[in-house]
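**Q** Have a look at this one before I ask anything.
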Amino acid sequence: MISLFRLILNACKVFLAFACCTLLFYYGLLWLNEQYQDFHRYDEPEGRAVKVFQSYDEEEEEIYWIERLQLFYEIGE
């Protein structure tokens with residue numbers, strides 16, 4: 001009878017530890033979500049940022065694609 005009581009007590013301890021760890025993990029994820037919720041990844045950069053994309057006019061676009069095709073054939077880009 002005592003071993004059955006100890007078995008149930010140990011099972012309750014394991015369940016309680018699992019439930020506490022699960023709640024800690026859940027609230028940790030909620031906290032991280034709250035921290036990064038107002039973080040805007042796509043804002044324009046500040047300071048000395050370099051623009052990596054340049055739009056072309058329609059006439060320049062034709063020249064641009066011809067140059068890109070030639071570059072592709074030359075070096076296998």
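Letters A, B, ... mark the chains of the structure tokens in the order given; residue numbers begin at 1 per chain; ligand numbers begin at 1, in order shown.
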If you run DSSP on this backbone, which residues of segment 15-77 of chain A come out as helix (DSSP H, G or I), and could you give them as an NGL selection string?
**A** :A and (15-36 or 58-75)
**Q** Report, in Å to a single decimal, how far apart atom CA of Glu44 of chain A and atom CA of Arg68 of chain A are.
**A**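 Result for atom CA of Arg68 of chain A versus atom CA of Glu44 of chain A: 27.7 Å, one decimal.
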**Q** I'd like the interatomic distance between atom CA of Phe25 of chain A and atom CA of Asp38 of chain A, to a tenth of an Å.
**A**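 Between atom CA of Phe25 of chain A and atom CA of Asp38 of chain A the gap is 21.4 Å.
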